[in-house]
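Peer 1: What follows is upload36.txt, made up of compact mmCIF, N, CA and C atoms:
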# COMPACT_ATOMS: atom_id res chain seq x y z
N MET A 29 0.84 -1.18 0.00
CA MET A 29 0.00 0.00 0.00
C MET A 29 0.89 1.25 0.00
N LYS A 30 0.59 2.18 -0.88
CA LYS A 30 1.35 3.43 -0.88
C LYS A 30 0.95 4.25 0.34
N THR A 31 1.91 4.99 0.87
CA THR A 31 1.66 5.77 2.08
C THR A 31 1.23 7.20 1.78
N TYR A 32 1.63 7.71 0.59
CA TYR A 32 1.21 9.05 0.18
C TYR A 32 1.45 9.23 -1.30
N GLU A 33 0.81 10.28 -1.85
CA GLU A 33 1.02 10.64 -3.25
C GLU A 33 0.85 12.15 -3.38
N PRO A 34 1.57 12.75 -4.33
CA PRO A 34 1.40 14.19 -4.55
C PRO A 34 0.06 14.45 -5.22
N ILE A 35 -0.50 15.62 -4.96
CA ILE A 35 -1.71 16.05 -5.66
C ILE A 35 -1.43 17.41 -6.27
N ASP A 36 -2.10 17.71 -7.36
CA ASP A 36 -1.93 19.00 -8.02
C ASP A 36 -2.54 20.10 -7.17
N HIS A 37 -1.79 21.18 -7.03
CA HIS A 37 -2.30 22.37 -6.35
C HIS A 37 -1.65 23.57 -7.02
N THR A 38 -2.43 24.62 -7.23
CA THR A 38 -2.00 25.77 -8.02
C THR A 38 -0.70 26.40 -7.52
N ALA A 39 -0.67 26.88 -6.29
CA ALA A 39 0.49 27.65 -5.83
C ALA A 39 1.32 26.93 -4.78
N ASP A 40 0.73 26.03 -4.06
CA ASP A 40 1.41 25.36 -2.95
C ASP A 40 1.68 23.90 -3.29
N ILE A 41 2.07 23.12 -2.31
CA ILE A 41 2.33 21.69 -2.50
C ILE A 41 1.24 20.91 -1.76
N GLY A 42 0.66 19.95 -2.46
CA GLY A 42 -0.37 19.12 -1.85
C GLY A 42 0.02 17.66 -1.87
N ILE A 43 -0.40 16.95 -0.83
CA ILE A 43 -0.20 15.50 -0.76
C ILE A 43 -1.47 14.85 -0.24
N ARG A 44 -1.66 13.62 -0.61
CA ARG A 44 -2.73 12.80 -0.06
C ARG A 44 -2.04 11.66 0.66
N VAL A 45 -2.35 11.52 1.95
CA VAL A 45 -1.66 10.56 2.82
C VAL A 45 -2.63 9.47 3.24
N TYR A 46 -2.10 8.25 3.40
CA TYR A 46 -2.90 7.09 3.78
C TYR A 46 -2.29 6.39 4.98
N GLY A 47 -3.13 5.70 5.74
CA GLY A 47 -2.65 4.88 6.85
C GLY A 47 -3.72 3.89 7.27
N LEU A 48 -3.29 2.73 7.71
CA LEU A 48 -4.25 1.71 8.17
C LEU A 48 -4.84 2.08 9.52
N SER A 49 -4.14 2.93 10.27
CA SER A 49 -4.63 3.44 11.55
C SER A 49 -4.38 4.95 11.56
N LEU A 50 -5.00 5.64 12.50
CA LEU A 50 -4.74 7.08 12.63
C LEU A 50 -3.28 7.34 12.99
N LYS A 51 -2.75 6.52 13.87
CA LYS A 51 -1.34 6.64 14.25
C LYS A 51 -0.45 6.53 13.01
N GLU A 52 -0.70 5.53 12.18
CA GLU A 52 0.09 5.35 10.96
C GLU A 52 -0.13 6.52 9.99
N LEU A 53 -1.34 7.03 9.91
CA LEU A 53 -1.63 8.18 9.06
C LEU A 53 -0.77 9.38 9.46
N PHE A 54 -0.67 9.65 10.76
CA PHE A 54 0.13 10.77 11.26
C PHE A 54 1.62 10.54 10.99
N GLU A 55 2.10 9.32 11.19
CA GLU A 55 3.52 9.02 10.92
C GLU A 55 3.81 9.17 9.42
N ASN A 56 2.91 8.68 8.57
CA ASN A 56 3.10 8.80 7.12
C ASN A 56 3.03 10.25 6.66
N ALA A 57 2.18 11.05 7.28
CA ALA A 57 2.10 12.47 6.94
C ALA A 57 3.42 13.17 7.25
N ALA A 58 4.01 12.84 8.39
CA ALA A 58 5.30 13.42 8.76
C ALA A 58 6.38 13.01 7.77
N GLN A 59 6.41 11.72 7.40
CA GLN A 59 7.41 11.26 6.45
C GLN A 59 7.23 11.94 5.10
N ALA A 60 5.99 12.08 4.66
CA ALA A 60 5.72 12.74 3.39
C ALA A 60 6.20 14.20 3.40
N ALA A 61 5.95 14.90 4.50
CA ALA A 61 6.39 16.30 4.61
C ALA A 61 7.90 16.41 4.46
N PHE A 62 8.64 15.53 5.12
CA PHE A 62 10.09 15.62 5.05
C PHE A 62 10.65 15.08 3.74
N ASP A 63 9.90 14.22 3.06
CA ASP A 63 10.29 13.82 1.71
C ASP A 63 10.13 14.99 0.74
N VAL A 64 9.15 15.85 0.99
CA VAL A 64 8.96 17.05 0.18
C VAL A 64 10.10 18.04 0.42
N ILE A 65 10.56 18.12 1.67
CA ILE A 65 11.58 19.10 2.06
C ILE A 65 12.98 18.72 1.57
N ALA A 66 13.36 17.45 1.70
CA ALA A 66 14.76 17.10 1.44
C ALA A 66 14.91 15.67 0.93
N LYS A 67 16.06 15.44 0.30
CA LYS A 67 16.43 14.08 -0.10
C LYS A 67 17.83 13.80 0.43
N PRO A 68 18.10 12.56 0.82
CA PRO A 68 19.44 12.23 1.34
C PRO A 68 20.51 12.40 0.27
N LEU A 69 21.65 12.95 0.69
CA LEU A 69 22.80 13.09 -0.21
C LEU A 69 23.87 12.05 0.07
N LYS A 70 23.99 11.71 1.34
CA LYS A 70 24.99 10.72 1.74
C LYS A 70 24.47 9.98 2.96
N THR A 71 25.06 8.84 3.23
CA THR A 71 24.63 8.04 4.38
C THR A 71 25.02 8.74 5.67
N ALA A 72 24.04 8.89 6.53
CA ALA A 72 24.27 9.57 7.80
C ALA A 72 24.96 8.65 8.79
N SER A 73 25.83 9.22 9.58
CA SER A 73 26.49 8.47 10.64
C SER A 73 25.53 8.31 11.81
N PRO A 74 25.34 7.08 12.32
CA PRO A 74 24.40 6.88 13.43
C PRO A 74 24.67 7.75 14.65
N HIS A 75 25.94 8.09 14.89
CA HIS A 75 26.23 8.92 16.07
C HIS A 75 25.78 10.37 15.89
N ASP A 76 25.42 10.75 14.66
CA ASP A 76 24.90 12.10 14.40
C ASP A 76 23.39 12.19 14.58
N ALA A 77 22.74 11.07 14.83
CA ALA A 77 21.28 11.07 14.99
C ALA A 77 20.90 11.84 16.26
N LYS A 78 19.83 12.62 16.14
CA LYS A 78 19.29 13.38 17.27
C LYS A 78 17.84 12.93 17.46
N THR A 79 17.49 12.68 18.72
CA THR A 79 16.13 12.24 19.04
C THR A 79 15.45 13.27 19.92
N PHE A 80 14.18 13.51 19.63
CA PHE A 80 13.38 14.47 20.40
C PHE A 80 12.04 13.83 20.76
N LYS A 81 11.52 14.24 21.90
CA LYS A 81 10.18 13.80 22.31
C LYS A 81 9.22 14.95 22.11
N ILE A 82 8.04 14.62 21.62
CA ILE A 82 7.01 15.62 21.35
C ILE A 82 5.72 15.19 22.04
N GLN A 83 5.10 16.12 22.75
CA GLN A 83 3.79 15.90 23.36
C GLN A 83 2.87 17.03 22.91
N LEU A 84 1.69 16.67 22.41
CA LEU A 84 0.76 17.66 21.89
C LEU A 84 -0.66 17.37 22.33
N LYS A 85 -1.44 18.44 22.45
CA LYS A 85 -2.87 18.34 22.69
C LYS A 85 -3.58 19.24 21.70
N ALA A 86 -4.81 18.86 21.35
CA ALA A 86 -5.60 19.65 20.40
C ALA A 86 -7.07 19.36 20.62
N GLY A 87 -7.91 20.17 19.98
CA GLY A 87 -9.35 20.03 20.13
C GLY A 87 -9.96 18.91 19.30
N ASN A 88 -9.28 18.52 18.20
CA ASN A 88 -9.80 17.45 17.34
C ASN A 88 -8.65 16.88 16.51
N LEU A 89 -8.95 15.85 15.72
CA LEU A 89 -7.92 15.17 14.94
C LEU A 89 -7.23 16.08 13.93
N GLU A 90 -8.00 16.87 13.21
CA GLU A 90 -7.39 17.74 12.20
C GLU A 90 -6.46 18.76 12.84
N GLU A 91 -6.88 19.34 13.94
CA GLU A 91 -6.02 20.29 14.65
C GLU A 91 -4.77 19.59 15.17
N LEU A 92 -4.93 18.37 15.66
CA LEU A 92 -3.78 17.61 16.15
C LEU A 92 -2.79 17.33 15.02
N LEU A 93 -3.29 16.99 13.84
CA LEU A 93 -2.41 16.74 12.69
C LEU A 93 -1.65 18.00 12.30
N VAL A 94 -2.33 19.13 12.23
CA VAL A 94 -1.68 20.39 11.88
C VAL A 94 -0.64 20.77 12.94
N ARG A 95 -0.98 20.59 14.21
CA ARG A 95 -0.02 20.91 15.28
C ARG A 95 1.19 19.97 15.21
N TRP A 96 0.97 18.69 14.95
CA TRP A 96 2.04 17.70 14.83
C TRP A 96 3.01 18.10 13.72
N LEU A 97 2.49 18.34 12.54
CA LEU A 97 3.36 18.70 11.42
C LEU A 97 4.02 20.06 11.65
N GLY A 98 3.28 21.00 12.21
CA GLY A 98 3.84 22.31 12.51
C GLY A 98 4.97 22.24 13.53
N GLU A 99 4.79 21.42 14.55
CA GLU A 99 5.84 21.23 15.57
C GLU A 99 7.09 20.62 14.95
N LEU A 100 6.91 19.63 14.08
CA LEU A 100 8.06 19.02 13.41
C LEU A 100 8.80 20.03 12.53
N LEU A 101 8.06 20.83 11.80
CA LEU A 101 8.68 21.84 10.94
C LEU A 101 9.44 22.88 11.75
N SER A 102 8.84 23.33 12.85
CA SER A 102 9.50 24.32 13.71
C SER A 102 10.77 23.75 14.34
N LEU A 103 10.67 22.54 14.86
CA LEU A 103 11.82 21.90 15.49
C LEU A 103 12.93 21.64 14.47
N SER A 104 12.54 21.24 13.28
CA SER A 104 13.51 21.01 12.21
C SER A 104 14.25 22.29 11.86
N ASP A 105 13.52 23.37 11.76
CA ASP A 105 14.12 24.66 11.42
C ASP A 105 15.03 25.15 12.54
N TRP A 106 14.57 25.05 13.76
CA TRP A 106 15.31 25.53 14.93
C TRP A 106 16.60 24.74 15.15
N LYS A 107 16.51 23.42 15.04
CA LYS A 107 17.67 22.56 15.31
C LYS A 107 18.49 22.23 14.06
N LYS A 108 18.03 22.68 12.88
CA LYS A 108 18.72 22.42 11.62
C LYS A 108 18.87 20.92 11.37
N ILE A 109 17.74 20.22 11.53
CA ILE A 109 17.69 18.76 11.41
C ILE A 109 16.58 18.38 10.44
N ILE A 110 16.83 17.32 9.68
CA ILE A 110 15.79 16.72 8.84
C ILE A 110 15.37 15.42 9.54
N PHE A 111 14.10 15.32 9.83
CA PHE A 111 13.61 14.13 10.54
C PHE A 111 13.38 12.99 9.56
N THR A 112 13.73 11.78 10.02
CA THR A 112 13.63 10.59 9.17
C THR A 112 12.86 9.44 9.81
N LYS A 113 12.66 9.49 11.13
CA LYS A 113 11.92 8.43 11.83
C LYS A 113 10.90 9.06 12.76
N PHE A 114 9.71 8.49 12.74
CA PHE A 114 8.59 9.02 13.52
C PHE A 114 7.93 7.86 14.25
N ASP A 115 7.95 7.91 15.56
CA ASP A 115 7.39 6.82 16.37
C ASP A 115 6.37 7.41 17.34
N ILE A 116 5.10 7.31 16.97
CA ILE A 116 4.04 7.79 17.85
C ILE A 116 3.77 6.70 18.87
N ARG A 117 3.94 7.05 20.14
CA ARG A 117 3.86 6.05 21.20
C ARG A 117 2.51 6.03 21.90
N ASN A 118 1.93 7.18 22.09
CA ASN A 118 0.59 7.28 22.68
C ASN A 118 -0.23 8.18 21.78
N PHE A 119 -1.46 7.75 21.50
CA PHE A 119 -2.26 8.51 20.55
C PHE A 119 -3.74 8.40 20.91
N SER A 120 -4.41 9.54 20.89
CA SER A 120 -5.87 9.58 20.99
C SER A 120 -6.34 10.70 20.08
N GLU A 121 -7.63 10.93 20.01
CA GLU A 121 -8.15 11.92 19.08
C GLU A 121 -7.78 13.35 19.42
N ASN A 122 -7.28 13.60 20.64
CA ASN A 122 -6.93 14.98 20.98
C ASN A 122 -5.57 15.13 21.66
N GLN A 123 -4.78 14.06 21.71
CA GLN A 123 -3.43 14.20 22.24
C GLN A 123 -2.53 13.09 21.73
N MET A 124 -1.24 13.35 21.79
CA MET A 124 -0.27 12.37 21.33
C MET A 124 1.10 12.59 21.94
N GLU A 125 1.87 11.52 21.99
CA GLU A 125 3.27 11.57 22.40
C GLU A 125 4.06 10.80 21.34
N ALA A 126 5.19 11.36 20.96
CA ALA A 126 6.01 10.72 19.93
C ALA A 126 7.48 10.95 20.20
N ALA A 127 8.29 10.06 19.64
CA ALA A 127 9.74 10.24 19.59
C ALA A 127 10.09 10.35 18.11
N VAL A 128 10.87 11.36 17.77
CA VAL A 128 11.28 11.56 16.38
C VAL A 128 12.80 11.62 16.32
N GLN A 129 13.33 11.14 15.21
CA GLN A 129 14.78 11.12 15.04
C GLN A 129 15.14 11.76 13.71
N GLY A 130 16.24 12.48 13.72
CA GLY A 130 16.70 13.11 12.49
C GLY A 130 18.20 13.31 12.49
N PHE A 131 18.67 13.89 11.40
CA PHE A 131 20.09 14.11 11.19
C PHE A 131 20.34 15.54 10.73
N PRO A 132 21.55 16.05 10.94
CA PRO A 132 21.87 17.40 10.50
C PRO A 132 21.60 17.59 9.00
N ARG A 133 21.24 18.80 8.63
CA ARG A 133 20.89 19.11 7.24
C ARG A 133 22.02 18.84 6.26
N GLU A 134 23.24 18.79 6.73
CA GLU A 134 24.37 18.58 5.83
C GLU A 134 24.31 17.24 5.11
N TYR A 135 23.53 16.30 5.64
CA TYR A 135 23.37 14.99 5.01
C TYR A 135 22.32 15.00 3.90
N PHE A 136 21.67 16.14 3.67
CA PHE A 136 20.52 16.20 2.77
C PHE A 136 20.66 17.32 1.75
N GLY A 137 20.00 17.13 0.64
CA GLY A 137 19.80 18.20 -0.33
C GLY A 137 18.42 18.77 -0.08
N ILE A 138 18.34 20.05 0.15
CA ILE A 138 17.06 20.69 0.43
C ILE A 138 16.34 20.94 -0.89
N LEU A 139 15.12 20.44 -0.99
CA LEU A 139 14.32 20.56 -2.20
C LEU A 139 13.40 21.78 -2.16
N THR A 140 12.76 21.99 -1.02
CA THR A 140 11.85 23.12 -0.84
C THR A 140 11.69 23.40 0.64
N GLU A 141 11.22 24.58 0.93
CA GLU A 141 10.96 24.94 2.32
C GLU A 141 9.45 25.02 2.52
N ILE A 142 8.95 24.30 3.51
CA ILE A 142 7.53 24.39 3.86
C ILE A 142 7.40 25.47 4.92
N LYS A 143 6.62 26.50 4.63
CA LYS A 143 6.42 27.59 5.58
C LYS A 143 5.38 27.22 6.63
N ALA A 144 4.32 26.54 6.19
CA ALA A 144 3.23 26.22 7.12
C ALA A 144 2.37 25.09 6.57
N VAL A 145 1.64 24.47 7.48
CA VAL A 145 0.64 23.47 7.14
C VAL A 145 -0.70 24.19 7.19
N THR A 146 -1.50 24.05 6.15
CA THR A 146 -2.77 24.77 6.10
C THR A 146 -3.93 23.87 6.51
N TYR A 147 -5.04 24.51 6.82
CA TYR A 147 -6.28 23.78 7.09
C TYR A 147 -7.13 23.66 5.82
N HIS A 148 -6.64 24.17 4.71
CA HIS A 148 -7.41 24.19 3.46
C HIS A 148 -7.79 22.76 3.05
N GLU A 149 -9.09 22.48 3.02
CA GLU A 149 -9.65 21.18 2.63
C GLU A 149 -9.09 20.02 3.45
N LEU A 150 -8.63 20.29 4.66
CA LEU A 150 -8.06 19.26 5.53
C LEU A 150 -9.19 18.55 6.27
N LYS A 151 -9.39 17.29 5.96
CA LYS A 151 -10.40 16.48 6.63
C LYS A 151 -9.92 15.03 6.62
N ILE A 152 -9.75 14.46 7.80
CA ILE A 152 -9.35 13.06 7.92
C ILE A 152 -10.60 12.21 7.68
N LYS A 153 -10.48 11.25 6.76
CA LYS A 153 -11.62 10.41 6.40
C LYS A 153 -11.25 8.94 6.50
N LYS A 154 -12.24 8.15 6.84
CA LYS A 154 -12.09 6.68 6.82
C LYS A 154 -12.60 6.21 5.47
N GLU A 155 -11.74 5.53 4.71
CA GLU A 155 -12.09 5.01 3.39
C GLU A 155 -11.88 3.51 3.40
N LYS A 156 -12.95 2.76 3.43
CA LYS A 156 -12.89 1.29 3.48
C LYS A 156 -12.02 0.85 4.66
N ASN A 157 -10.85 0.29 4.37
CA ASN A 157 -10.00 -0.26 5.44
C ASN A 157 -8.82 0.64 5.80
N ARG A 158 -8.87 1.91 5.40
CA ARG A 158 -7.76 2.80 5.71
C ARG A 158 -8.27 4.22 5.93
N TYR A 159 -7.37 5.05 6.49
CA TYR A 159 -7.65 6.47 6.69
C TYR A 159 -6.92 7.25 5.60
N ALA A 160 -7.46 8.42 5.26
CA ALA A 160 -6.84 9.27 4.25
C ALA A 160 -7.03 10.73 4.64
N VAL A 161 -6.08 11.57 4.21
CA VAL A 161 -6.19 13.01 4.43
C VAL A 161 -5.44 13.72 3.32
N GLN A 162 -5.99 14.84 2.90
CA GLN A 162 -5.32 15.71 1.95
C GLN A 162 -4.70 16.85 2.73
N ILE A 163 -3.42 17.12 2.48
CA ILE A 163 -2.71 18.19 3.20
C ILE A 163 -2.12 19.15 2.17
N ILE A 164 -2.33 20.44 2.41
CA ILE A 164 -1.74 21.47 1.56
C ILE A 164 -0.69 22.21 2.40
N PHE A 165 0.53 22.27 1.87
CA PHE A 165 1.62 22.98 2.51
C PHE A 165 1.82 24.33 1.84
N ASP A 166 1.96 25.37 2.64
CA ASP A 166 2.30 26.69 2.14
C ASP A 166 3.81 26.73 1.97
N VAL A 167 4.26 26.97 0.73
CA VAL A 167 5.71 26.98 0.47
C VAL A 167 6.19 28.35 0.03
I'd like the structure from this file rewritten - as structure tokens, please.

Peer 2:
Amino acid sequence: MKTYEPIDHTADIGIRVYGLSLKELFENAAQAAFDVIAKPLKTASPHDAKTFKIQLKAGNLEELLVRWLGELLSLSDWKKIIFTKFDIRNFSENQMEAAVQGFPREYFGILTEIKAVTYHELKIKKEKNRYAVQIIFDV
């Protein structure tokens, strides 16, 4: 099963993300965002890996998704790290805890900068045996 695919959008970047569970949907959305931002240039040294813990609360699933991706983007920018692993450990419809791992930007070629995650047409839906969401990034 594919985890995400690009979608056409006039001025910004859009993706459609899939997951068998909500937890997987959020992890796949994070991976898709960082695939949009950068591509690996060389193999990273394991001792250069940096791990961070993230705890978030929100009023609903869509807000939680936007806060999750926004927190990752802010942390990435602040610490100059590209995240490559996303492990959501506790998850409910209005809160989550995760551990994320990344490497210094020097290991990556930067493709684009995501300024923000938008709420434009953002709605998490259950489709048969999986979840799906369309995300538009302001670039």

Peer 1: May I have the protein, DNA and RNA residues with an atom at most 8 Å from (14.6, 20.9, 10.3), counting only N, CA and C atoms in the file's coordinates, returned as an MDAnalysis selection string?

Peer 2: chainID A and resid 100:111 131:133

Peer 1: Ranking A:Lys113, A:Tyr159, A:Glu121, A:Leu69 by minimum distance to A:Phe136 and counting all atoms listed in the file, which one comes first?

Peer 2: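 Residue with the minimum atom-to-atom distance to A:Phe136: A:Leu69.
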
Peer 1: Between A:Ile152, A:Leu139, A:Glu91, A:Val128, which is the closest to A:Thr112 once you count all atoms listed in the file?

Peer 2: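 Closest to A:Thr112 of all the choices is A:Val128.
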
Peer 1: Just the strand (DSSP E or B) stuff from chain A, please, per backbone DSSP, written as a compact mmCIF listing (two decimals) with N, CA and C atoms, keeping the file's coordinate frame.

Peer 2:
# COMPACT_ATOMS: atom_id res chain seq x y z
N TYR A 32 1.63 7.71 0.59
CA TYR A 32 1.21 9.05 0.18
C TYR A 32 1.45 9.23 -1.30
N GLU A 33 0.81 10.28 -1.85
CA GLU A 33 1.02 10.64 -3.25
C GLU A 33 0.85 12.15 -3.38
N PRO A 34 1.57 12.75 -4.33
CA PRO A 34 1.40 14.19 -4.55
C PRO A 34 0.06 14.45 -5.22
N ILE A 35 -0.50 15.62 -4.96
CA ILE A 35 -1.71 16.05 -5.66
C ILE A 35 -1.43 17.41 -6.27
N ILE A 41 2.07 23.12 -2.31
CA ILE A 41 2.33 21.69 -2.50
C ILE A 41 1.24 20.91 -1.76
N GLY A 42 0.66 19.95 -2.46
CA GLY A 42 -0.37 19.12 -1.85
C GLY A 42 0.02 17.66 -1.87
N ILE A 43 -0.40 16.95 -0.83
CA ILE A 43 -0.20 15.50 -0.76
C ILE A 43 -1.47 14.85 -0.24
N ARG A 44 -1.66 13.62 -0.61
CA ARG A 44 -2.73 12.80 -0.06
C ARG A 44 -2.04 11.66 0.66
N VAL A 45 -2.35 11.52 1.95
CA VAL A 45 -1.66 10.56 2.82
C VAL A 45 -2.63 9.47 3.24
N TYR A 46 -2.10 8.25 3.40
CA TYR A 46 -2.90 7.09 3.78
C TYR A 46 -2.29 6.39 4.98
N GLY A 47 -3.13 5.70 5.74
CA GLY A 47 -2.65 4.88 6.85
C GLY A 47 -3.72 3.89 7.27
N ALA A 66 13.36 17.45 1.70
CA ALA A 66 14.76 17.10 1.44
C ALA A 66 14.91 15.67 0.93
N LYS A 67 16.06 15.44 0.30
CA LYS A 67 16.43 14.08 -0.10
C LYS A 67 17.83 13.80 0.43
N PRO A 68 18.10 12.56 0.82
CA PRO A 68 19.44 12.23 1.34
C PRO A 68 20.51 12.40 0.27
N LYS A 78 19.83 12.62 16.14
CA LYS A 78 19.29 13.38 17.27
C LYS A 78 17.84 12.93 17.46
N THR A 79 17.49 12.68 18.72
CA THR A 79 16.13 12.24 19.04
C THR A 79 15.45 13.27 19.92
N PHE A 80 14.18 13.51 19.63
CA PHE A 80 13.38 14.47 20.40
C PHE A 80 12.04 13.83 20.76
N LYS A 81 11.52 14.24 21.90
CA LYS A 81 10.18 13.80 22.31
C LYS A 81 9.22 14.95 22.11
N ILE A 82 8.04 14.62 21.62
CA ILE A 82 7.01 15.62 21.35
C ILE A 82 5.72 15.19 22.04
N GLN A 83 5.10 16.12 22.75
CA GLN A 83 3.79 15.90 23.36
C GLN A 83 2.87 17.03 22.91
N LEU A 84 1.69 16.67 22.41
CA LEU A 84 0.76 17.66 21.89
C LEU A 84 -0.66 17.37 22.33
N LYS A 85 -1.44 18.44 22.45
CA LYS A 85 -2.87 18.34 22.69
C LYS A 85 -3.58 19.24 21.70
N ILE A 109 17.74 20.22 11.53
CA ILE A 109 17.69 18.76 11.41
C ILE A 109 16.58 18.38 10.44
N ILE A 110 16.83 17.32 9.68
CA ILE A 110 15.79 16.72 8.84
C ILE A 110 15.37 15.42 9.54
N PHE A 111 14.10 15.32 9.83
CA PHE A 111 13.61 14.13 10.54
C PHE A 111 13.38 12.99 9.56
N THR A 112 13.73 11.78 10.02
CA THR A 112 13.63 10.59 9.17
C THR A 112 12.86 9.44 9.81
N LYS A 113 12.66 9.49 11.13
CA LYS A 113 11.92 8.43 11.83
C LYS A 113 10.90 9.06 12.76
N PHE A 114 9.71 8.49 12.74
CA PHE A 114 8.59 9.02 13.52
C PHE A 114 7.93 7.86 14.25
N ASP A 115 7.95 7.91 15.56
CA ASP A 115 7.39 6.82 16.37
C ASP A 115 6.37 7.41 17.34
N ILE A 116 5.10 7.31 16.97
CA ILE A 116 4.04 7.79 17.85
C ILE A 116 3.77 6.70 18.87
N ARG A 117 3.94 7.05 20.14
CA ARG A 117 3.86 6.05 21.20
C ARG A 117 2.51 6.03 21.90
N ASN A 118 1.93 7.18 22.09
CA ASN A 118 0.59 7.28 22.68
C ASN A 118 -0.23 8.18 21.78
N PHE A 119 -1.46 7.75 21.50
CA PHE A 119 -2.26 8.51 20.55
C PHE A 119 -3.74 8.40 20.91
N SER A 120 -4.41 9.54 20.89
CA SER A 120 -5.87 9.58 20.99
C SER A 120 -6.34 10.70 20.08
N GLN A 123 -4.78 14.06 21.71
CA GLN A 123 -3.43 14.20 22.24
C GLN A 123 -2.53 13.09 21.73
N MET A 124 -1.24 13.35 21.79
CA MET A 124 -0.27 12.37 21.33
C MET A 124 1.10 12.59 21.94
N GLU A 125 1.87 11.52 21.99
CA GLU A 125 3.27 11.57 22.40
C GLU A 125 4.06 10.80 21.34
N ALA A 126 5.19 11.36 20.96
CA ALA A 126 6.01 10.72 19.93
C ALA A 126 7.48 10.95 20.20
N ALA A 127 8.29 10.06 19.64
CA ALA A 127 9.74 10.24 19.59
C ALA A 127 10.09 10.35 18.11
N VAL A 128 10.87 11.36 17.77
CA VAL A 128 11.28 11.56 16.38
C VAL A 128 12.80 11.62 16.32
N GLN A 129 13.33 11.14 15.21
CA GLN A 129 14.78 11.12 15.04
C GLN A 129 15.14 11.76 13.71
N GLY A 130 16.24 12.48 13.72
CA GLY A 130 16.70 13.11 12.49
C GLY A 130 18.20 13.31 12.49
N PHE A 131 18.67 13.89 11.40
CA PHE A 131 20.09 14.11 11.19
C PHE A 131 20.34 15.54 10.73
N PRO A 132 21.55 16.05 10.94
CA PRO A 132 21.87 17.40 10.50
C PRO A 132 21.60 17.59 9.00
N PHE A 136 21.67 16.14 3.67
CA PHE A 136 20.52 16.20 2.77
C PHE A 136 20.66 17.32 1.75
N GLY A 137 20.00 17.13 0.64
CA GLY A 137 19.80 18.20 -0.33
C GLY A 137 18.42 18.77 -0.08
N ILE A 138 18.34 20.05 0.15
CA ILE A 138 17.06 20.69 0.43
C ILE A 138 16.34 20.94 -0.89
N ALA A 144 4.32 26.54 6.19
CA ALA A 144 3.23 26.22 7.12
C ALA A 144 2.37 25.09 6.57
N VAL A 145 1.64 24.47 7.48
CA VAL A 145 0.64 23.47 7.14
C VAL A 145 -0.70 24.19 7.19
N LYS A 153 -10.48 11.25 6.76
CA LYS A 153 -11.62 10.41 6.40
C LYS A 153 -11.25 8.94 6.50
N LYS A 154 -12.24 8.15 6.84
CA LYS A 154 -12.09 6.68 6.82
C LYS A 154 -12.60 6.21 5.47
N GLU A 155 -11.74 5.53 4.71
CA GLU A 155 -12.09 5.01 3.39
C GLU A 155 -11.88 3.51 3.40
N ARG A 158 -8.87 1.91 5.40
CA ARG A 158 -7.76 2.80 5.71
C ARG A 158 -8.27 4.22 5.93
N TYR A 159 -7.37 5.05 6.49
CA TYR A 159 -7.65 6.47 6.69
C TYR A 159 -6.92 7.25 5.60
N ALA A 160 -7.46 8.42 5.26
CA ALA A 160 -6.84 9.27 4.25
C ALA A 160 -7.03 10.73 4.64
N VAL A 161 -6.08 11.57 4.21
CA VAL A 161 -6.19 13.01 4.43
C VAL A 161 -5.44 13.72 3.32
N GLN A 162 -5.99 14.84 2.90
CA GLN A 162 -5.32 15.71 1.95
C GLN A 162 -4.70 16.85 2.73
N ILE A 163 -3.42 17.12 2.48
CA ILE A 163 -2.71 18.19 3.20
C ILE A 163 -2.12 19.15 2.17
N ILE A 164 -2.33 20.44 2.41
CA ILE A 164 -1.74 21.47 1.56
C ILE A 164 -0.69 22.21 2.40
N PHE A 165 0.53 22.27 1.87
CA PHE A 165 1.62 22.98 2.51
C PHE A 165 1.82 24.33 1.84
N ASP A 166 1.96 25.37 2.64
CA ASP A 166 2.30 26.69 2.14
C ASP A 166 3.81 26.73 1.97

Peer 1: Please report, as a ChimeraX atom specification, each residue of chain A to which DSSP assigns helix (DSSP H, G or I) when run on this structure's backbone.

Peer 2: /A:50-65,74-76,89-107,133-135

Peer 1: Using all atoms listed in the file, pick whichever of A:Ile43, A:Pro34, A:Glu55, A:His75 has the shortest atom-to-atom distance to A:Asp115.

Peer 2: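 When distances to A:Asp115 are compared using all atoms listed in the file, the smallest one comes from A:Glu55.
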
Peer 1: Find, counting only C-alpha atoms, the residue in A:Gln83, A:Thr146, A:Asn157, A:Asn56 that gets nearest to A:Gly42.

Peer 2: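 Smallest separation from A:Gly42 among the options: A:Thr146.
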